[in-house]
$ cat my_file.pdb   # PDB, C-alpha atoms
ATOM      1  CA  MET A   1    -156.337 173.565  46.070
ATOM      2  CA  ALA A   2    -155.131 175.172  42.870
ATOM      3  CA  LEU A   3    -156.233 174.445  39.317
ATOM      4  CA  THR A   4    -154.426 175.104  36.078
ATOM      5  CA  ASN A   5    -154.423 173.957  32.487
ATOM      6  CA  THR A   6    -150.696 174.738  32.207
ATOM      7  CA  ASP A   7    -147.856 172.267  32.688
ATOM      8  CA  LEU A   8    -146.289 174.051  35.651
ATOM      9  CA  LYS A   9    -143.188 171.836  35.750
ATOM     10  CA  SER A  10    -142.220 172.849  32.213
ATOM     11  CA  ALA A  11    -143.171 176.467  33.029
ATOM     12  CA  VAL A  12    -140.686 176.335  35.930
ATOM     13  CA  GLU A  13    -138.025 174.920  33.601
ATOM     14  CA  ARG A  14    -138.683 177.766  31.139
ATOM     15  CA  ARG A  15    -138.574 180.210  34.077
ATOM     16  CA  ALA A  16    -142.142 181.262  33.270
ATOM     17  CA  PHE A  17    -143.356 180.201  36.737
ATOM     18  CA  ARG A  18    -141.643 180.644  40.098
ATOM     19  CA  ASP A  19    -140.078 177.401  41.313
ATOM     20  CA  ASP A  20    -140.656 178.187  45.015
ATOM     21  CA  LEU A  21    -144.382 178.661  44.353
ATOM     22  CA  PHE A  22    -144.478 175.461  42.299
ATOM     23  CA  TYR A  23    -142.984 173.427  45.163
ATOM     24  CA  ARG A  24    -145.353 175.055  47.666
ATOM     25  CA  LEU A  25    -148.363 174.098  45.515
ATOM     26  CA  ASN A  26    -147.116 170.710  44.321
ATOM     27  CA  VAL A  27    -148.122 168.561  47.288
ATOM     28  CA  VAL A  28    -150.479 166.200  45.437
ATOM     29  CA  GLN A  29    -151.105 166.362  41.705
ATOM     30  CA  ILE A  30    -154.362 165.141  40.246
ATOM     31  CA  LEU A  31    -154.293 165.092  36.475
ATOM     32  CA  LEU A  32    -157.735 165.123  34.881
ATOM     33  CA  PRO A  33    -158.566 165.209  31.197
ATOM     34  CA  PRO A  34    -160.724 168.143  30.069
ATOM     35  CA  LEU A  35    -164.479 167.850  30.562
ATOM     36  CA  ARG A  36    -165.085 167.353  26.824
ATOM     37  CA  GLU A  37    -163.099 164.079  27.099
ATOM     38  CA  ARG A  38    -165.040 162.785  30.112
ATOM     39  CA  SER A  39    -168.650 163.438  29.241
ATOM     40  CA  GLU A  40    -169.718 160.780  31.751
ATOM     41  CA  ASP A  41    -168.970 163.339  34.509
ATOM     42  CA  LEU A  42    -171.120 166.093  33.007
ATOM     43  CA  GLU A  43    -174.462 165.269  34.637
ATOM     44  CA  GLU A  44    -173.051 164.612  38.087
ATOM     45  CA  LEU A  45    -171.065 167.857  37.996
ATOM     46  CA  GLY A  46    -174.080 169.744  36.656
ATOM     47  CA  ARG A  47    -176.360 168.456  39.414
ATOM     48  CA  GLY A  48    -173.737 169.316  42.029
ATOM     49  CA  PHE A  49    -173.407 172.867  40.693
ATOM     50  CA  LEU A  50    -177.212 173.188  40.682
ATOM     51  CA  GLN A  51    -177.304 172.503  44.418
ATOM     52  CA  VAL A  52    -174.399 174.815  45.201
ATOM     53  CA  PHE A  53    -175.727 177.767  43.216
ATOM     54  CA  ALA A  54    -179.362 177.360  44.282
ATOM     55  CA  LEU A  55    -178.156 177.594  47.891
ATOM     56  CA  LYS A  56    -175.742 180.455  47.141
ATOM     57  CA  HIS A  57    -178.440 182.557  45.450
ATOM     58  CA  GLY A  58    -181.328 181.540  47.716
ATOM     59  CA  ARG A  59    -183.211 179.924  44.847
ATOM     60  CA  PRO A  60    -185.341 176.779  45.027
ATOM     61  CA  ALA A  61    -183.774 173.494  43.953
ATOM     62  CA  LYS A  62    -184.175 172.935  40.227
ATOM     63  CA  GLN A  63    -183.742 170.226  37.678
ATOM     64  CA  ILE A  64    -182.231 170.547  34.212
ATOM     65  CA  SER A  65    -184.733 169.780  31.447
ATOM     66  CA  ALA A  66    -184.032 167.150  28.795
ATOM     67  CA  GLY A  67    -183.742 169.913  26.187
ATOM     68  CA  ALA A  68    -181.110 171.766  28.201
ATOM     69  CA  TRP A  69    -179.160 168.530  28.804
ATOM     70  CA  LYS A  70    -179.166 167.943  25.047
ATOM     71  CA  PHE A  71    -177.329 171.231  24.488
ATOM     72  CA  LEU A  72    -174.957 170.679  27.411
ATOM     73  CA  ARG A  73    -174.024 167.189  26.161
ATOM     74  CA  ALA A  74    -173.351 168.540  22.662
ATOM     75  CA  TYR A  75    -171.218 171.459  23.911
ATOM     76  CA  ASP A  76    -167.442 170.905  24.149
ATOM     77  CA  PHE A  77    -166.684 173.268  27.083
ATOM     78  CA  PRO A  78    -163.527 175.064  25.972
ATOM     79  CA  GLY A  79    -163.522 176.662  29.452
ATOM     80  CA  ASN A  80    -163.672 173.214  31.044
ATOM     81  CA  VAL A  81    -165.391 172.664  34.425
ATOM     82  CA  ARG A  82    -165.236 176.369  35.315
ATOM     83  CA  GLU A  83    -167.308 177.146  32.242
ATOM     84  CA  LEU A  84    -169.879 174.503  33.187
ATOM     85  CA  ALA A  85    -170.093 176.072  36.655
ATOM     86  CA  ASN A  86    -170.622 179.537  35.152
ATOM     87  CA  ILE A  87    -173.298 178.264  32.758
ATOM     88  CA  ILE A  88    -175.176 176.501  35.566
ATOM     89  CA  GLU A  89    -174.889 179.499  37.906
ATOM     90  CA  ARG A  90    -176.265 181.809  35.213
ATOM     91  CA  ALA A  91    -179.122 179.406  34.508
ATOM     92  CA  VAL A  92    -180.011 179.174  38.207
ATOM     93  CA  ILE A  93    -180.162 182.967  38.380
ATOM     94  CA  VAL A  94    -182.185 183.610  35.198
ATOM     95  CA  SER A  95    -184.556 180.631  35.162
ATOM     96  CA  VAL A  96    -188.101 181.154  36.393
ATOM     97  CA  GLY A  97    -189.640 177.678  36.324
ATOM     98  CA  ALA A  98    -188.995 174.501  38.266
ATOM     99  CA  GLU A  99    -186.630 173.340  35.534
ATOM    100  CA  ILE A 100    -183.734 174.963  33.789
ATOM    101  CA  GLU A 101    -184.754 175.066  30.140
ATOM    102  CA  ALA A 102    -182.577 175.302  27.042
ATOM    103  CA  ALA A 103    -183.569 178.975  26.763
ATOM    104  CA  ASP A 104    -181.971 179.594  30.186
ATOM    105  CA  LEU A 105    -178.566 178.580  28.817
ATOM    106  CA  PRO A 106    -176.400 181.244  27.175
ATOM    107  CA  GLU A 107    -177.220 181.661  23.495
ATOM    108  CA  SER A 108    -173.541 181.208  22.612
ATOM    109  CA  THR A 109    -173.588 177.785  24.297
ATOM    110  CA  ARG A 110    -176.737 176.713  22.468
ATOM    111  CA  VAL A 111    -175.434 177.925  19.105
ATOM    112  CA  ALA A 112    -172.018 176.263  19.544
ATOM    113  CA  ALA A 113    -173.614 172.992  20.680
ATOM    114  CA  ALA A 114    -176.051 172.982  17.769
ATOM    115  CA  ARG A 115    -173.238 173.759  15.324
ATOM    116  CA  ARG A 116    -171.118 170.926  16.728
ATOM    117  CA  GLU A 117    -174.022 168.499  16.533
ATOM    118  CA  ARG A 118    -174.807 169.531  12.937
ATOM    119  CA  LYS A 119    -171.186 168.984  11.923
ATOM    120  CA  ALA A 120    -171.341 165.478  13.316
ATOM    121  CA  GLN A 121    -174.653 164.712  11.616
ATOM    122  CA  ARG A 122    -173.990 166.287   8.187
ATOM    123  CA  LEU A 123    -177.545 167.535   7.812
ATOM    124  CA  THR A 124    -179.042 168.863   4.603
ATOM    125  CA  LEU A 125    -179.634 172.611   4.298
ATOM    126  CA  ALA A 126    -183.390 172.065   4.764
ATOM    127  CA  GLU A 127    -182.729 170.042   7.921
ATOM    128  CA  VAL A 128    -180.390 172.722   9.299
ATOM    129  CA  GLU A 129    -183.015 175.403   8.645
ATOM    130  CA  SER A 130    -185.749 173.309  10.215
ATOM    131  CA  GLU A 131    -183.630 172.570  13.281
ATOM    132  CA  TYR A 132    -182.689 176.220  13.693
ATOM    133  CA  ILE A 133    -186.352 177.267  13.488
ATOM    134  CA  ARG A 134    -187.263 174.669  16.145
ATOM    135  CA  GLU A 135    -184.394 175.810  18.397
ATOM    136  CA  THR A 136    -185.435 179.435  18.031
ATOM    137  CA  LEU A 137    -189.062 178.591  18.823
ATOM    138  CA  ALA A 138    -187.915 176.666  21.905
ATOM    139  CA  ALA A 139    -185.731 179.579  22.998
ATOM    140  CA  THR A 140    -188.689 181.968  22.642
ATOM    141  CA  LYS A 141    -190.980 179.469  24.389
ATOM    142  CA  GLY A 142    -193.159 179.228  21.266
ATOM    143  CA  ASN A 143    -193.492 182.973  20.643
ATOM    144  CA  LYS A 144    -193.649 183.001  16.850
ATOM    145  CA  THR A 145    -193.447 186.801  16.543
ATOM    146  CA  GLU A 146    -190.223 186.889  18.553
ATOM    147  CA  ALA A 147    -188.869 183.812  16.747
ATOM    148  CA  ALA A 148    -189.527 185.431  13.356
ATOM    149  CA  ARG A 149    -187.744 188.598  14.522
ATOM    150  CA  ILE A 150    -184.695 186.586  15.671
ATOM    151  CA  LEU A 151    -184.695 184.580  12.426
ATOM    152  CA  GLY A 152    -184.914 187.768  10.362
ATOM    153  CA  ILE A 153    -188.065 186.698   8.523
ATOM    154  CA  SER A 154    -191.707 187.786   8.606
ATOM    155  CA  ARG A 155    -194.177 185.961  10.819
ATOM    156  CA  LYS A 156    -196.057 184.911   7.671
ATOM    157  CA  ASN A 157    -192.850 183.433   6.248
ATOM    158  CA  LEU A 158    -192.261 181.551   9.520
ATOM    159  CA  TYR A 159    -195.779 180.071   9.372
ATOM    160  CA  GLU A 160    -195.192 179.032   5.745
ATOM    161  CA  ARG A 161    -191.933 177.311   6.635
ATOM    162  CA  LEU A 162    -193.557 175.521   9.569
ATOM    163  CA  ALA A 163    -196.416 174.365   7.320
ATOM    164  CA  ARG A 164    -193.964 173.166   4.662
ATOM    165  CA  GLU A 165    -191.973 171.325   7.312
ATOM    166  CA  SER A 166    -195.064 169.469   8.498
ATOM    167  CA  LYS A 167    -195.637 167.989   5.017
ATOM    168  CA  ASP A 168    -193.620 165.265   3.348
ATOM    169  CA  GLU A 169    -192.399 165.325  -0.255
ATOM    170  CA  GLY A 170    -195.733 163.992  -1.545
ATOM    171  CA  GLY A 171    -197.610 166.942  -0.081
ATOM    172  CA  ARG A 172    -199.255 164.901   2.665
ATOM    173  CA  MET A 173    -199.079 165.739   6.334
ATOM    174  CA  LYS A 174    -196.150 163.856   7.881
ATOM    175  CA  ASP A 175    -198.327 162.048  10.386
ATOM    176  CA  GLU A 176    -200.963 160.981   7.830
ATOM    177  CA  LYS A 177    -200.931 157.245   7.258
ATOM    178  CA  GLU A 178    -200.918 155.776   3.829
ATOM    179  CA  GLY A 179    -204.237 154.135   3.109
TER
END
$ encode --input "my_file.pdb" --output "structure tokens"
Amino acid sequence: MALTNTDLKSAVERRAFRDDLFYRLNVVQILLPPLRERSEDLEELGRGFLQVFALKHGRPAKQISAGAWKFLRAYDFPGNVRELANIIERAVIVSVGAEIEAADLPESTRVAAARRERKAQRLTLAEVESEYIRETLAATKGNKTEAARILGISRKNLYERLARESKDEGGRMKDEKEG
């Protein structure tokens, strides 16, 4: 089996690919759209890669957490299925719990997925900041000192922003009921 994202027939016509090799490889062609266009395959492929890489690396079987799936669904996989495989393999290797968490995914994947999701949602600046703080806290597993360092703010400033976020515009706690 051979995979490519290049139109080999036109490459042969342009003399950019050897015709004898093309005819040797061209027994059965299966044309598949890129993974970003068939998101319904993402979870099945991800679970399959989990099994393969857990076995390959002698790791226990794992699940992918809801938070990690959120990032994977929002990511557009420019590297297609190979990139998904690499992301899952890395997560299997670096994860320590029974589940693969969002923090076990590459930071570049999480950032790109969050950026893509924000573009689709057209969030306000305050919402973007709030979401980024939450993502950073999740990535640091709640370690506020580390989150503040990553965010480039003091721990005190982080606590102030978290407190401000938990209040609505009227100054009440968000979960307080009007009486």
$ residues_around --input "my_file.pdb" --residues "region 91-105 of chain A" --least-positions-apart "5" --cutoff "6 Å" --atoms "only C-alpha atoms" --output "CSV table (one decimal) with C-alpha atoms, in the frame of the given file"
chain,number,residue,atom,x,y,z
A,62,LYS,CA,-184.2,172.9,40.2
A,63,GLN,CA,-183.7,170.2,37.7
A,64,ILE,CA,-182.2,170.5,34.2
A,65,SER,CA,-184.7,169.8,31.4
A,67,GLY,CA,-183.7,169.9,26.2
A,68,ALA,CA,-181.1,171.8,28.2
A,139,ALA,CA,-185.7,179.6,23.0
$ resolve_selection --input "my_file.pdb" --expression "the PyMOL selection byres ((chain A and resi 36) around 9)" --output "PyMOL selection string"
chain A and resi 33-35+37-39+42+73+75-78+80
$ residues_around --input "my_file.pdb" --residues "Leu137 (chain A)" --least-positions-apart "4" --cutoff "6 Å" --atoms "all atoms listed in the file" --output "list in words"
Lys141, Gly142 and Ala147 of chain A
$ residues_around --input "my_file.pdb" --residues "Arg155 (chain A)" --least-positions-apart "5" --cutoff "9 Å" --atoms "all atoms listed in the file" --output "ChimeraX atom specification"
/A:144-149,160
$ atom_distance --input "my_file.pdb" --atom1 "CA of Leu84 (chain A)" --atom2 "CA of Ser108 (chain A)"
13.0 Å
$ resolve_selection --input "my_file.pdb" --expression "the PyMOL selection byres ((chain A and resi 31) around 12)" --output "list of chain:residue names"
A:Ala2, A:Leu3, A:Thr4, A:Asn5, A:Thr6, A:Asp7, A:Val28, A:Gln29, A:Ile30, A:Leu32, A:Pro33, A:Pro34
$ resolve_selection --input "my_file.pdb" --expression "the PyMOL selection byres ((chain A and resi 112-116) around 9)" --output "PDB file with C-alpha atoms, keeping the file's coordinate frame"
ATOM      1  CA  LYS A  70    -179.166 167.943  25.047  1.00  0.00           C
ATOM      2  CA  PHE A  71    -177.329 171.231  24.488  1.00  0.00           C
ATOM      3  CA  LEU A  72    -174.957 170.679  27.411  1.00  0.00           C
ATOM      4  CA  ARG A  73    -174.024 167.189  26.161  1.00  0.00           C
ATOM      5  CA  ALA A  74    -173.351 168.540  22.662  1.00  0.00           C
ATOM      6  CA  TYR A  75    -171.218 171.459  23.911  1.00  0.00           C
ATOM      7  CA  ASP A  76    -167.442 170.905  24.149  1.00  0.00           C
ATOM      8  CA  GLU A 107    -177.220 181.661  23.495  1.00  0.00           C
ATOM      9  CA  SER A 108    -173.541 181.208  22.612  1.00  0.00           C
ATOM     10  CA  THR A 109    -173.588 177.785  24.297  1.00  0.00           C
ATOM     11  CA  ARG A 110    -176.737 176.713  22.468  1.00  0.00           C
ATOM     12  CA  VAL A 111    -175.434 177.925  19.105  1.00  0.00           C
ATOM     13  CA  GLU A 117    -174.022 168.499  16.533  1.00  0.00           C
ATOM     14  CA  ARG A 118    -174.807 169.531  12.937  1.00  0.00           C
ATOM     15  CA  LYS A 119    -171.186 168.984  11.923  1.00  0.00           C
ATOM     16  CA  ALA A 120    -171.341 165.478  13.316  1.00  0.00           C
ATOM     17  CA  GLN A 121    -174.653 164.712  11.616  1.00  0.00           C
ATOM     18  CA  GLU A 131    -183.630 172.570  13.281  1.00  0.00           C
ATOM     19  CA  TYR A 132    -182.689 176.220  13.693  1.00  0.00           C
ATOM     20  CA  GLU A 135    -184.394 175.810  18.397  1.00  0.00           C
TER      21      GLU A 135
END
$ atom_distance --input "my_file.pdb" --atom1 "CA of Ile88 (chain A)" --atom2 "CA of Thr136 (chain A)"
20.5 Å
$ residues_around --input "my_file.pdb" --residues "Tyr23 (chain A)" --least-positions-apart "6" --cutoff "12 Å" --atoms "all atoms listed in the file" --output "list in words"
Leu8, Lys9, Val12, Phe17 and Gln29 of chain A
$ write_last_selection --input "my_file.pdb" --atoms "C-alpha atoms" --output "compact mmCIF listing (two decimals), keeping the file's coordinate frame"
# COMPACT_ATOMS: atom_id res chain seq x y z
CA LEU A 8 -146.29 174.05 35.65
CA LYS A 9 -143.19 171.84 35.75
CA VAL A 12 -140.69 176.34 35.93
CA PHE A 17 -143.36 180.20 36.74
CA GLN A 29 -151.10 166.36 41.70
$ atom_distance --input "my_file.pdb" --atom1 "CA of Ala11 (chain A)" --atom2 "CA of Asp41 (chain A)"
29.0 Å
$ closest_residue --input "my_file.pdb" --among "A:Leu125, A:Phe49, A:Ile133, A:Arg59" --to "Ile150 (chain A)" --atoms "all atoms listed in the file"
A:Ile133
$ residues_around --input "my_file.pdb" --residues "Val52 (chain A)" --least-positions-apart "4" --cutoff "12 Å" --atoms "only C-alpha atoms" --output "list in words"
Leu45, Gly46, Arg47, Gly48, Lys56, His57, Gly58, Arg59, Pro60, Ala61, Lys62, Ala85, Asn86, Ile88, Glu89 and Val92 of chain A
$ closest_residue --input "my_file.pdb" --among "A:Arg18, A:Arg161, A:Leu55, A:Leu151" --to "Glu127 (chain A)" --atoms "all atoms listed in the file"
A:Arg161
$ decode --input "my_file.pdb" --residues "region 38-123 of chain A" --atoms "C-alpha atoms" --output "PDB file, in the first residue's frame"
ATOM      1  CA  ARG A  38     -14.520  13.675   6.983  1.00  0.00           C
ATOM      2  CA  SER A  39     -14.645  14.460  10.669  1.00  0.00           C
ATOM      3  CA  GLU A  40     -17.012  11.523  11.196  1.00  0.00           C
ATOM      4  CA  ASP A  41     -13.957   9.229  10.856  1.00  0.00           C
ATOM      5  CA  LEU A  42     -11.889  11.029  13.492  1.00  0.00           C
ATOM      6  CA  GLU A  43     -13.005   9.131  16.599  1.00  0.00           C
ATOM      7  CA  GLU A  44     -12.851   5.694  15.023  1.00  0.00           C
ATOM      8  CA  LEU A  45      -9.369   6.378  13.646  1.00  0.00           C
ATOM      9  CA  GLY A  46      -8.267   7.843  16.976  1.00  0.00           C
ATOM     10  CA  ARG A  47      -9.472   4.812  18.933  1.00  0.00           C
ATOM     11  CA  GLY A  48      -7.767   2.491  16.450  1.00  0.00           C
ATOM     12  CA  PHE A  49      -4.472   4.369  16.783  1.00  0.00           C
ATOM     13  CA  LEU A  50      -4.816   4.245  20.584  1.00  0.00           C
ATOM     14  CA  GLN A  51      -4.903   0.448  20.475  1.00  0.00           C
ATOM     15  CA  VAL A  52      -2.030   0.170  18.011  1.00  0.00           C
ATOM     16  CA  PHE A  53       0.295   2.517  19.883  1.00  0.00           C
ATOM     17  CA  ALA A  54      -0.556   1.226  23.365  1.00  0.00           C
ATOM     18  CA  LEU A  55       0.454  -2.242  22.144  1.00  0.00           C
ATOM     19  CA  LYS A  56       3.531  -0.946  20.293  1.00  0.00           C
ATOM     20  CA  HIS A  57       4.840   0.915  23.356  1.00  0.00           C
ATOM     21  CA  GLY A  58       3.716  -1.619  25.970  1.00  0.00           C
ATOM     22  CA  ARG A  59       1.364   0.874  27.596  1.00  0.00           C
ATOM     23  CA  PRO A  60      -2.030   0.111  29.129  1.00  0.00           C
ATOM     24  CA  ALA A  61      -5.126   0.744  27.027  1.00  0.00           C
ATOM     25  CA  LYS A  62      -6.332   4.316  27.400  1.00  0.00           C
ATOM     26  CA  GLN A  63      -9.297   6.437  26.546  1.00  0.00           C
ATOM     27  CA  ILE A  64      -9.277   9.982  25.190  1.00  0.00           C
ATOM     28  CA  SER A  65     -10.894  12.471  27.573  1.00  0.00           C
ATOM     29  CA  ALA A  66     -13.754  14.720  26.472  1.00  0.00           C
ATOM     30  CA  GLY A  67     -11.433  17.731  26.732  1.00  0.00           C
ATOM     31  CA  ALA A  68      -8.858  16.156  24.429  1.00  0.00           C
ATOM     32  CA  TRP A  69     -11.573  15.160  21.923  1.00  0.00           C
ATOM     33  CA  LYS A  70     -12.743  18.778  21.903  1.00  0.00           C
ATOM     34  CA  PHE A  71      -9.320  19.923  20.691  1.00  0.00           C
ATOM     35  CA  LEU A  72      -8.983  17.068  18.198  1.00  0.00           C
ATOM     36  CA  ARG A  73     -12.414  17.813  16.687  1.00  0.00           C
ATOM     37  CA  ALA A  74     -11.542  21.506  16.338  1.00  0.00           C
ATOM     38  CA  TYR A  75      -8.139  20.824  14.732  1.00  0.00           C
ATOM     39  CA  ASP A  76      -7.990  20.688  10.912  1.00  0.00           C
ATOM     40  CA  PHE A  77      -5.095  18.191  10.525  1.00  0.00           C
ATOM     41  CA  PRO A  78      -2.983  19.716   7.761  1.00  0.00           C
ATOM     42  CA  GLY A  79      -0.874  16.527   7.967  1.00  0.00           C
ATOM     43  CA  ASN A  80      -3.998  14.420   7.469  1.00  0.00           C
ATOM     44  CA  VAL A  81      -4.290  10.915   8.992  1.00  0.00           C
ATOM     45  CA  ARG A  82      -0.519  10.612   9.478  1.00  0.00           C
ATOM     46  CA  GLU A  83      -0.610  13.663  11.719  1.00  0.00           C
ATOM     47  CA  LEU A  84      -3.471  12.200  13.760  1.00  0.00           C
ATOM     48  CA  ALA A  85      -1.430   9.007  14.176  1.00  0.00           C
ATOM     49  CA  ASN A  86       1.608  10.996  15.344  1.00  0.00           C
ATOM     50  CA  ILE A  87      -0.471  13.034  17.801  1.00  0.00           C
ATOM     51  CA  ILE A  88      -2.061   9.900  19.277  1.00  0.00           C
ATOM     52  CA  GLU A  89       1.276   8.064  19.478  1.00  0.00           C
ATOM     53  CA  ARG A  90       2.855  11.009  21.298  1.00  0.00           C
ATOM     54  CA  ALA A  91      -0.084  11.198  23.697  1.00  0.00           C
ATOM     55  CA  VAL A  92       0.127   7.468  24.452  1.00  0.00           C
ATOM     56  CA  ILE A  93       3.816   7.872  25.271  1.00  0.00           C
ATOM     57  CA  VAL A  94       3.585  11.012  27.443  1.00  0.00           C
ATOM     58  CA  SER A  95       0.276  10.476  29.247  1.00  0.00           C
ATOM     59  CA  VAL A  96       0.371   9.168  32.802  1.00  0.00           C
ATOM     60  CA  GLY A  97      -3.283   8.629  33.700  1.00  0.00           C
ATOM     61  CA  ALA A  98      -5.951   6.257  32.462  1.00  0.00           C
ATOM     62  CA  GLU A  99      -7.109   8.891  29.986  1.00  0.00           C
ATOM     63  CA  ILE A 100      -5.311  11.002  27.461  1.00  0.00           C
ATOM     64  CA  GLU A 101      -5.968  14.570  28.559  1.00  0.00           C
ATOM     65  CA  ALA A 102      -5.858  17.770  26.524  1.00  0.00           C
ATOM     66  CA  ALA A 103      -2.503  18.559  28.158  1.00  0.00           C
ATOM     67  CA  ASP A 104      -1.080  15.354  26.624  1.00  0.00           C
ATOM     68  CA  LEU A 105      -1.699  16.716  23.123  1.00  0.00           C
ATOM     69  CA  PRO A 106       1.003  18.850  21.498  1.00  0.00           C
ATOM     70  CA  GLU A 107       0.680  22.506  22.456  1.00  0.00           C
ATOM     71  CA  SER A 108       0.731  23.487  18.774  1.00  0.00           C
ATOM     72  CA  THR A 109      -2.336  21.297  18.178  1.00  0.00           C
ATOM     73  CA  ARG A 110      -4.211  22.785  21.124  1.00  0.00           C
ATOM     74  CA  VAL A 111      -3.344  26.354  20.128  1.00  0.00           C
ATOM     75  CA  ALA A 112      -4.302  25.831  16.462  1.00  0.00           C
ATOM     76  CA  ALA A 113      -7.575  24.131  17.428  1.00  0.00           C
ATOM     77  CA  ALA A 114      -8.469  26.884  19.886  1.00  0.00           C
ATOM     78  CA  ARG A 115      -7.619  29.553  17.307  1.00  0.00           C
ATOM     79  CA  ARG A 116      -9.784  27.836  14.688  1.00  0.00           C
ATOM     80  CA  GLU A 117     -12.674  27.516  17.119  1.00  0.00           C
ATOM     81  CA  ARG A 118     -12.380  31.185  18.150  1.00  0.00           C
ATOM     82  CA  LYS A 119     -12.450  32.278  14.511  1.00  0.00           C
ATOM     83  CA  ALA A 120     -15.663  30.358  14.013  1.00  0.00           C
ATOM     84  CA  GLN A 121     -17.248  31.758  17.171  1.00  0.00           C
ATOM     85  CA  ARG A 122     -16.150  35.416  16.870  1.00  0.00           C
ATOM     86  CA  LEU A 123     -15.608  35.805  20.597  1.00  0.00           C
TER      87      LEU A 123
END
